[in-house]
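One file, model-v7.pdb, carrying PDB, C-alpha atoms:
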```
ATOM      1  CA  MET A   1     -11.306  14.648 -16.688
ATOM      2  CA  LYS A   2      -9.770  18.133 -16.613
ATOM      3  CA  ASN A   3      -9.455  20.315 -13.529
ATOM      4  CA  ARG A   4      -8.407  23.804 -12.448
ATOM      5  CA  LEU A   5      -6.644  22.718  -9.304
ATOM      6  CA  LYS A   6      -3.235  24.046 -10.338
ATOM      7  CA  VAL A   7      -4.708  27.457 -11.230
ATOM      8  CA  LEU A   8      -6.662  27.691  -7.977
ATOM      9  CA  ARG A   9      -3.583  26.708  -6.001
ATOM     10  CA  ALA A  10      -1.426  29.231  -7.852
ATOM     11  CA  GLU A  11      -3.970  32.002  -7.157
ATOM     12  CA  ARG A  12      -3.433  31.414  -3.461
ATOM     13  CA  ASP A  13       0.292  31.040  -3.897
ATOM     14  CA  TRP A  14       0.199  27.639  -2.215
ATOM     15  CA  THR A  15       2.694  24.886  -2.740
ATOM     16  CA  GLN A  16       1.529  21.355  -3.504
ATOM     17  CA  ALA A  17       2.649  20.401  -0.008
ATOM     18  CA  ARG A  18       0.474  23.137   1.529
ATOM     19  CA  LEU A  19      -2.564  22.037  -0.491
ATOM     20  CA  ALA A  20      -1.888  18.396   0.399
ATOM     21  CA  ALA A  21      -1.788  19.341   4.079
ATOM     22  CA  GLU A  22      -5.073  21.265   3.767
ATOM     23  CA  LEU A  23      -6.731  18.259   2.088
ATOM     24  CA  GLU A  24      -5.022  15.681   4.334
ATOM     25  CA  VAL A  25      -3.644  13.723   1.391
ATOM     26  CA  SER A  26      -0.111  13.133   0.138
ATOM     27  CA  ARG A  27       1.669  15.595  -2.144
ATOM     28  CA  GLN A  28       1.837  12.798  -4.702
ATOM     29  CA  THR A  29      -1.974  12.737  -4.789
ATOM     30  CA  VAL A  30      -2.182  16.496  -5.402
ATOM     31  CA  ASN A  31       0.413  16.248  -8.142
ATOM     32  CA  ALA A  32      -1.360  13.309  -9.822
ATOM     33  CA  ILE A  33      -4.689  15.194  -9.786
ATOM     34  CA  GLU A  34      -3.133  18.385 -11.155
ATOM     35  CA  THR A  35      -1.438  16.555 -14.010
ATOM     36  CA  GLY A  36      -4.661  14.712 -14.841
ATOM     37  CA  LYS A  37      -3.158  11.302 -14.125
ATOM     38  CA  TYR A  38      -5.598  10.587 -11.319
ATOM     39  CA  ASP A  39      -9.254  11.515 -10.803
ATOM     40  CA  PRO A  40     -10.061  12.053  -7.113
ATOM     41  CA  SER A  41     -12.797  10.198  -5.287
ATOM     42  CA  LEU A  42     -16.097  12.000  -4.778
ATOM     43  CA  PRO A  43     -15.388  12.767  -1.069
ATOM     44  CA  LEU A  44     -12.006  14.272  -1.971
ATOM     45  CA  ALA A  45     -13.542  16.261  -4.842
ATOM     46  CA  PHE A  46     -16.074  17.678  -2.351
ATOM     47  CA  ARG A  47     -13.256  18.581   0.067
ATOM     48  CA  ILE A  48     -11.424  20.373  -2.747
ATOM     49  CA  ALA A  49     -14.565  22.263  -3.747
ATOM     50  CA  ARG A  50     -15.246  23.251  -0.127
ATOM     51  CA  LEU A  51     -11.658  24.374   0.381
ATOM     52  CA  PHE A  52     -11.740  26.677  -2.639
ATOM     53  CA  GLY A  53     -15.350  27.748  -2.052
ATOM     54  CA  GLN A  54     -16.505  26.733  -5.517
ATOM     55  CA  PRO A  55     -18.941  24.152  -6.918
ATOM     56  CA  ILE A  56     -17.348  20.883  -8.033
ATOM     57  CA  GLU A  57     -18.331  21.467 -11.656
ATOM     58  CA  GLU A  58     -16.390  24.760 -11.627
ATOM     59  CA  ILE A  59     -13.230  22.863 -10.731
ATOM     60  CA  PHE A  60     -13.670  19.543 -12.534
ATOM     61  CA  THR A  61     -14.946  19.268 -16.089
ATOM     62  CA  THR A  62     -15.254  16.338 -18.459
ATOM     63  CA  GLU A  63     -12.987  16.566 -21.494
TER      64      GLU A  63
ATOM     65  CA  MET B   1       7.823  24.358  13.877
ATOM     66  CA  THR B   2       4.091  25.112  14.046
ATOM     67  CA  LYS B   3       1.421  22.465  13.536
ATOM     68  CA  THR B   4       0.637  23.839  10.059
ATOM     69  CA  ASP B   5       4.329  23.820   9.096
ATOM     70  CA  GLU B   6       4.580  20.263  10.350
ATOM     71  CA  ALA B   7       1.542  19.238   8.301
ATOM     72  CA  ILE B   8       3.004  20.880   5.194
ATOM     73  CA  TRP B   9       6.372  19.220   5.782
ATOM     74  CA  THR B  10       4.850  15.770   6.175
ATOM     75  CA  ALA B  11       2.570  16.323   3.151
ATOM     76  CA  GLY B  12       5.706  17.162   1.182
ATOM     77  CA  CYS B  13       6.948  13.641   1.855
ATOM     78  CA  ALA B  14       5.862  10.759  -0.373
ATOM     79  CA  ALA B  15       3.364   9.571   2.249
ATOM     80  CA  SER B  16       1.085  11.402   4.670
ATOM     81  CA  GLU B  17       1.764  11.297   8.415
ATOM     82  CA  ARG B  18      -1.048   8.771   8.945
ATOM     83  CA  ASP B  19       0.263   6.572   6.126
ATOM     84  CA  ARG B  20       3.767   6.631   7.559
ATOM     85  CA  ARG B  21       2.438   5.693  11.000
ATOM     86  CA  ASN B  22       0.506   2.775   9.498
ATOM     87  CA  GLN B  23       3.526   1.750   7.414
ATOM     88  CA  TYR B  24       5.644   1.625  10.596
ATOM     89  CA  ARG B  25       2.991  -0.561  12.251
ATOM     90  CA  PHE B  26       3.007  -2.874   9.239
ATOM     91  CA  LEU B  27       6.811  -3.064   9.167
ATOM     92  CA  TRP B  28       6.980  -3.835  12.899
ATOM     93  CA  ALA B  29       4.329  -6.539  12.534
ATOM     94  CA  THR B  30       6.257  -8.024   9.599
ATOM     95  CA  LEU B  31       9.450  -8.007  11.653
ATOM     96  CA  VAL B  32       7.670  -9.745  14.527
ATOM     97  CA  TRP B  33       6.308 -12.350  12.094
ATOM     98  CA  ALA B  34       9.780 -12.973  10.619
ATOM     99  CA  VAL B  35      11.347 -13.462  14.060
ATOM    100  CA  VAL B  36       8.521 -15.726  15.243
ATOM    101  CA  PHE B  37       8.576 -17.707  11.974
ATOM    102  CA  VAL B  38      12.343 -18.281  12.081
ATOM    103  CA  GLY B  39      12.204 -19.110  15.804
ATOM    104  CA  ALA B  40       9.284 -21.527  15.473
ATOM    105  CA  THR B  41      10.838 -23.228  12.438
ATOM    106  CA  PHE B  42      14.177 -23.592  14.251
ATOM    107  CA  LEU B  43      12.591 -25.023  17.410
ATOM    108  CA  THR B  44      10.272 -27.385  15.535
ATOM    109  CA  LYS B  45      12.829 -28.729  13.044
ATOM    110  CA  ARG B  46      15.420 -29.305  15.759
ATOM    111  CA  GLY B  47      12.850 -31.109  17.879
ATOM    112  CA  MET B  48      13.467 -28.715  20.749
ATOM    113  CA  VAL B  49       9.800 -28.481  21.679
ATOM    114  CA  PRO B  50       8.308 -31.408  23.623
ATOM    115  CA  GLU B  51       5.396 -33.093  21.831
ATOM    116  CA  GLY B  52       1.948 -32.080  22.972
ATOM    117  CA  PRO B  53       0.037 -28.822  23.338
ATOM    118  CA  LEU B  54       3.225 -26.745  23.539
ATOM    119  CA  ALA B  55       4.386 -28.007  20.133
ATOM    120  CA  TRP B  56       1.017 -27.081  18.641
ATOM    121  CA  LEU B  57       1.222 -23.642  20.208
ATOM    122  CA  VAL B  58       4.713 -23.060  18.797
ATOM    123  CA  ALA B  59       3.511 -24.202  15.357
ATOM    124  CA  ALA B  60       0.543 -21.813  15.574
ATOM    125  CA  LEU B  61       2.574 -18.759  16.606
ATOM    126  CA  PRO B  62       3.702 -17.784  13.050
ATOM    127  CA  THR B  63       0.083 -17.932  11.882
ATOM    128  CA  LEU B  64      -1.016 -15.660  14.723
ATOM    129  CA  ALA B  65       1.807 -13.246  13.880
ATOM    130  CA  ALA B  66       0.803 -13.370  10.202
ATOM    131  CA  LEU B  67      -2.745 -12.396  11.166
ATOM    132  CA  LEU B  68      -1.258  -9.345  12.879
ATOM    133  CA  VAL B  69       0.559  -8.467   9.646
ATOM    134  CA  ILE B  70      -2.663  -8.805   7.643
ATOM    135  CA  TRP B  71      -4.536  -6.639  10.150
ATOM    136  CA  THR B  72      -1.950  -3.837  10.004
ATOM    137  CA  TYR B  73      -1.901  -3.966   6.190
ATOM    138  CA  ALA B  74      -5.702  -3.875   6.018
ATOM    139  CA  ARG B  75      -5.668  -0.866   8.334
ATOM    140  CA  PHE B  76      -3.052   0.822   6.155
ATOM    141  CA  LEU B  77      -5.295   0.269   3.130
ATOM    142  CA  ARG B  78      -8.466   1.356   4.920
ATOM    143  CA  GLU B  79      -7.071   4.574   6.372
ATOM    144  CA  GLY B  80      -4.553   5.313   3.655
ATOM    145  CA  ASP B  81      -4.244   8.147   1.225
ATOM    146  CA  GLU B  82      -6.572   7.310  -1.676
ATOM    147  CA  LEU B  83      -3.898   7.360  -4.379
ATOM    148  CA  GLN B  84      -1.709   5.159  -2.196
ATOM    149  CA  ARG B  85      -4.653   2.770  -1.902
ATOM    150  CA  VAL B  86      -5.009   2.595  -5.692
ATOM    151  CA  ILE B  87      -1.285   1.875  -6.046
ATOM    152  CA  GLN B  88      -1.430  -0.863  -3.400
ATOM    153  CA  LEU B  89      -4.509  -2.481  -4.925
ATOM    154  CA  ARG B  90      -2.932  -2.541  -8.371
ATOM    155  CA  SER B  91       0.181  -4.138  -6.875
ATOM    156  CA  LEU B  92      -1.928  -6.711  -5.044
ATOM    157  CA  ALA B  93      -3.866  -7.500  -8.212
ATOM    158  CA  LEU B  94      -0.658  -8.165 -10.135
ATOM    159  CA  GLY B  95       0.877 -10.153  -7.266
ATOM    160  CA  PHE B  96      -2.215 -12.274  -6.699
ATOM    161  CA  GLY B  97      -2.761 -12.746 -10.437
ATOM    162  CA  ALA B  98       0.823 -13.858 -11.054
ATOM    163  CA  ALA B  99       0.694 -16.285  -8.102
ATOM    164  CA  TRP B 100      -2.624 -17.686  -9.322
ATOM    165  CA  VAL B 101      -1.335 -18.182 -12.879
ATOM    166  CA  ALA B 102       1.884 -19.778 -11.605
ATOM    167  CA  THR B 103       0.071 -22.062  -9.144
ATOM    168  CA  CYS B 104      -2.377 -23.304 -11.772
ATOM    169  CA  GLY B 105      -0.057 -23.328 -14.762
ATOM    170  CA  TYR B 106       3.343 -24.509 -13.576
ATOM    171  CA  PRO B 107       2.290 -27.993 -12.320
ATOM    172  CA  LEU B 108       1.482 -28.896 -15.934
ATOM    173  CA  PHE B 109       5.087 -28.144 -16.862
ATOM    174  CA  GLU B 110       6.258 -30.201 -13.874
ATOM    175  CA  HIS B 111       4.522 -33.213 -15.455
ATOM    176  CA  LEU B 112       6.583 -32.584 -18.581
ATOM    177  CA  GLY B 113       9.832 -32.616 -16.617
ATOM    178  CA  ALA B 114      10.281 -29.020 -15.422
ATOM    179  CA  PRO B 115      11.957 -28.645 -11.994
ATOM    180  CA  PRO B 116       9.439 -29.102  -9.160
ATOM    181  CA  ALA B 117       8.272 -25.945  -7.403
ATOM    182  CA  ASP B 118       7.134 -25.579  -3.812
ATOM    183  CA  ALA B 119       5.034 -23.000  -1.951
ATOM    184  CA  GLY B 120       8.108 -20.812  -1.413
ATOM    185  CA  ASP B 121       8.631 -20.496  -5.171
ATOM    186  CA  TYR B 122       5.033 -19.398  -5.723
ATOM    187  CA  PHE B 123       5.363 -16.914  -2.853
ATOM    188  CA  LEU B 124       8.467 -15.535  -4.557
ATOM    189  CA  VAL B 125       6.540 -15.114  -7.820
ATOM    190  CA  MET B 126       3.837 -13.226  -5.918
ATOM    191  CA  ALA B 127       6.349 -10.991  -4.123
ATOM    192  CA  VAL B 128       8.236 -10.135  -7.318
ATOM    193  CA  ALA B 129       5.002  -9.416  -9.234
ATOM    194  CA  PHE B 130       3.720  -7.257  -6.342
ATOM    195  CA  THR B 131       6.962  -5.261  -6.338
ATOM    196  CA  VAL B 132       6.920  -4.809 -10.123
ATOM    197  CA  GLY B 133       3.273  -3.700  -9.962
ATOM    198  CA  ASN B 134       4.096  -1.240  -7.201
ATOM    199  CA  VAL B 135       6.991   0.303  -9.134
ATOM    200  CA  LEU B 136       4.911   0.585 -12.331
ATOM    201  CA  ALA B 137       1.943   2.165 -10.529
ATOM    202  CA  ARG B 138       4.182   4.657  -8.699
ATOM    203  CA  ARG B 139       5.816   5.638 -11.973
ATOM    204  CA  GLN B 140       2.436   6.109 -13.628
ATOM    205  CA  TYR B 141       1.204   8.537 -10.969
ATOM    206  CA  ARG B 142       4.519  10.337 -10.437
TER     207      ARG B 142
END
```
In structure tokens, write the structure found in this file.
Amino acid sequence: MKNRLKVLRAERDWTQARLAAELEVSRQTVNAIETGKYDPSLPLAFRIARLFGQPIEEIFTTE
Amino acid sequence: MTKTDEAIWTAGCAASERDRRNQYRFLWATLVWAVVFVGATFLTKRGMVPEGPLAWLVAALPTLAALLVIWTYARFLREGDELQRVIQLRSLALGFGAAWVATCGYPLFEHLGAPPADAGDYFLVMAVAFTVGNVLARRQYR
């Protein structure tokens, strides 16, 4: 699964640590999602979508 | 340092604040278990506990402490960061699997003359496999 998390984070000029704090996860989790090594759970995907104010399918797409 | 700064700082660490708190609980429980286990073993093997209910209580103390360890670990898994949970579960799977294979497979070699193994050896196999699984999973998601 591909995602636009890194782009969305960069648009806000946030660090991975800042995004991790906003999502209440570890920085390692943010990094793993951004690099495509880990697909988040549905609740976390919803939190990400809510945080960036976009539908899930705008952020996560199947390859 | 503001609350937001603090949250960012802790998120910058390998584990979240909640995970670190639960890890401390787990480590303390493990330490308590180790002390109780060594103490109970020492007292029982030296025959320093009079026979009767007190001896049974002393023998049961390590088990009670171990239940505390299991409870803190289960809490760490339940409340933990989801990637951390995946890493822990993969480690547990490898540790449990290795211990299962060793427990079922090695006795056959014992019949053929291999050195006898006891529960401590199988526990060691589990611990080593868990650690290897943990390192591999962490590297994969780094």
Which of these residues is nearest to chain A, using only C-alpha atoms: B:Val135, B:Val86, B:Ala98, B:Ala114?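 Closest to chain A of all the choices is B:Val86.
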Excluding region 26-38 of chain A and its own-chain neighbours fewer than 6 positions away, which residues fall within 12 Å of it when counting all atoms listed in the file? Please give them as a PDB file with C-alpha atoms, in the coordinates of the input.
```pdb
ATOM      1  CA  MET A   1     -11.306  14.648 -16.688  1.00  0.00           C
ATOM      2  CA  LYS A   2      -9.770  18.133 -16.613  1.00  0.00           C
ATOM      3  CA  ASN A   3      -9.455  20.315 -13.529  1.00  0.00           C
ATOM      4  CA  ARG A   4      -8.407  23.804 -12.448  1.00  0.00           C
ATOM      5  CA  LEU A   5      -6.644  22.718  -9.304  1.00  0.00           C
ATOM      6  CA  LYS A   6      -3.235  24.046 -10.338  1.00  0.00           C
ATOM      7  CA  VAL A   7      -4.708  27.457 -11.230  1.00  0.00           C
ATOM      8  CA  LEU A   8      -6.662  27.691  -7.977  1.00  0.00           C
ATOM      9  CA  ARG A   9      -3.583  26.708  -6.001  1.00  0.00           C
ATOM     10  CA  ALA A  10      -1.426  29.231  -7.852  1.00  0.00           C
ATOM     11  CA  TRP A  14       0.199  27.639  -2.215  1.00  0.00           C
ATOM     12  CA  THR A  15       2.694  24.886  -2.740  1.00  0.00           C
ATOM     13  CA  GLN A  16       1.529  21.355  -3.504  1.00  0.00           C
ATOM     14  CA  ALA A  17       2.649  20.401  -0.008  1.00  0.00           C
ATOM     15  CA  ARG A  18       0.474  23.137   1.529  1.00  0.00           C
ATOM     16  CA  LEU A  19      -2.564  22.037  -0.491  1.00  0.00           C
ATOM     17  CA  ALA A  20      -1.888  18.396   0.399  1.00  0.00           C
ATOM     18  CA  LEU A  44     -12.006  14.272  -1.971  1.00  0.00           C
ATOM     19  CA  ALA A  45     -13.542  16.261  -4.842  1.00  0.00           C
ATOM     20  CA  ILE A  48     -11.424  20.373  -2.747  1.00  0.00           C
ATOM     21  CA  ILE A  59     -13.230  22.863 -10.731  1.00  0.00           C
ATOM     22  CA  PHE A  60     -13.670  19.543 -12.534  1.00  0.00           C
ATOM     23  CA  THR A  61     -14.946  19.268 -16.089  1.00  0.00           C
ATOM     24  CA  THR A  62     -15.254  16.338 -18.459  1.00  0.00           C
ATOM     25  CA  GLU A  63     -12.987  16.566 -21.494  1.00  0.00           C
TER      26      GLU A  63
ATOM     27  CA  ALA B   7       1.542  19.238   8.301  1.00  0.00           C
ATOM     28  CA  ILE B   8       3.004  20.880   5.194  1.00  0.00           C
ATOM     29  CA  TRP B   9       6.372  19.220   5.782  1.00  0.00           C
ATOM     30  CA  THR B  10       4.850  15.770   6.175  1.00  0.00           C
ATOM     31  CA  ALA B  11       2.570  16.323   3.151  1.00  0.00           C
ATOM     32  CA  GLY B  12       5.706  17.162   1.182  1.00  0.00           C
ATOM     33  CA  CYS B  13       6.948  13.641   1.855  1.00  0.00           C
ATOM     34  CA  ALA B  14       5.862  10.759  -0.373  1.00  0.00           C
ATOM     35  CA  ALA B  15       3.364   9.571   2.249  1.00  0.00           C
ATOM     36  CA  SER B  16       1.085  11.402   4.670  1.00  0.00           C
ATOM     37  CA  GLU B  17       1.764  11.297   8.415  1.00  0.00           C
ATOM     38  CA  ARG B  18      -1.048   8.771   8.945  1.00  0.00           C
ATOM     39  CA  ASP B  19       0.263   6.572   6.126  1.00  0.00           C
ATOM     40  CA  ARG B  20       3.767   6.631   7.559  1.00  0.00           C
ATOM     41  CA  GLY B  80      -4.553   5.313   3.655  1.00  0.00           C
ATOM     42  CA  ASP B  81      -4.244   8.147   1.225  1.00  0.00           C
ATOM     43  CA  GLU B  82      -6.572   7.310  -1.676  1.00  0.00           C
ATOM     44  CA  LEU B  83      -3.898   7.360  -4.379  1.00  0.00           C
ATOM     45  CA  GLN B  84      -1.709   5.159  -2.196  1.00  0.00           C
ATOM     46  CA  ARG B  85      -4.653   2.770  -1.902  1.00  0.00           C
ATOM     47  CA  VAL B  86      -5.009   2.595  -5.692  1.00  0.00           C
ATOM     48  CA  ILE B  87      -1.285   1.875  -6.046  1.00  0.00           C
ATOM     49  CA  ALA B 137       1.943   2.165 -10.529  1.00  0.00           C
ATOM     50  CA  ARG B 138       4.182   4.657  -8.699  1.00  0.00           C
ATOM     51  CA  ARG B 139       5.816   5.638 -11.973  1.00  0.00           C
ATOM     52  CA  GLN B 140       2.436   6.109 -13.628  1.00  0.00           C
ATOM     53  CA  TYR B 141       1.204   8.537 -10.969  1.00  0.00           C
ATOM     54  CA  ARG B 142       4.519  10.337 -10.437  1.00  0.00           C
TER      55      ARG B 142
END
```
Skip Arg46 (chain B) itself and residues of its chain fewer than 6 positions away, then list as a PDB file with C-alpha atoms, in the coordinates of the input all residues within 12 Å of it, counting all atoms listed in the file.
```
ATOM      1  CA  GLY B  39      12.204 -19.110  15.804  1.00  0.00           C
ATOM      2  CA  ALA B  40       9.284 -21.527  15.473  1.00  0.00           C
ATOM      3  CA  ALA B  55       4.386 -28.007  20.133  1.00  0.00           C
TER       4      ALA B  55
END
```
Between CA of Glu22 (chain A) and CA of Leu51 (chain A), distance in Å (one decimal):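 CA of Leu51 (chain A) lies 8.0 Å from CA of Glu22 (chain A).
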Separation of CA of Thr41 (chain B) and CA of Ala66 (chain B), in Å? 14.2 Å
Return as lines of an AutoDock Vina configuration file the centre and edge lengths, in Å with one decimal, of the box along x, y and z that encloses every atom of region 101-119 of chain B in the file, padded by 4 Å per side.
```
center_x = 4.8
center_y = -25.7
center_z = -10.3
size_x = 22.3
size_y = 23.0
size_z = 24.6
```
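Matched in the shown structure by the PyMOL selection byres ((chain B and resi 29) around 8): B:Arg25, B:Phe26, B:Leu27, B:Trp28, B:Thr30, B:Leu31, B:Val32, B:Trp33, B:Ala65, B:Leu68, B:Val69, B:Thr72.
The smallest atom-to-atom distance between Thr131 (chain B) and any of B:Asp118, B:Leu92, B:Thr103, B:Leu112, using all atoms listed in the file, is found for B:Leu92.
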Can you tell me which residues surround Leu43 (chain B) at a distance of at most 12 Å, considering all atoms listed in the file, apart from same-chain residues fewer than 3 positions away, and format the answer as a compact mmCIF listing (two decimals) with C-alpha atoms, in the frame of the given file?
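Saved to selection21.txt:
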```txt
# COMPACT_ATOMS: atom_id res chain seq x y z
CA VAL B 36 8.52 -15.73 15.24
CA PHE B 37 8.58 -17.71 11.97
CA VAL B 38 12.34 -18.28 12.08
CA GLY B 39 12.20 -19.11 15.80
CA ALA B 40 9.28 -21.53 15.47
CA ARG B 46 15.42 -29.30 15.76
CA GLY B 47 12.85 -31.11 17.88
CA MET B 48 13.47 -28.72 20.75
CA VAL B 49 9.80 -28.48 21.68
CA PRO B 50 8.31 -31.41 23.62
CA GLU B 51 5.40 -33.09 21.83
CA LEU B 54 3.22 -26.74 23.54
CA ALA B 55 4.39 -28.01 20.13
CA TRP B 56 1.02 -27.08 18.64
CA LEU B 57 1.22 -23.64 20.21
CA VAL B 58 4.71 -23.06 18.80
CA ALA B 59 3.51 -24.20 15.36
CA LEU B 61 2.57 -18.76 16.61
```
For the atom pair CA of Leu42 (chain A) and CA of Arg75 (chain B), what is the interatomic distance in Å to one decimal place?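 Between CA of Leu42 (chain A) and CA of Arg75 (chain B) the gap works out to 21.1 Å.
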List as a ChimeraX atom specification the residues having at least one atom at most 12 Å from position (7.4, -11.0, -12.1) as given in the file, counting only C-alpha atoms. /B:91,94-99,101-102,121-136
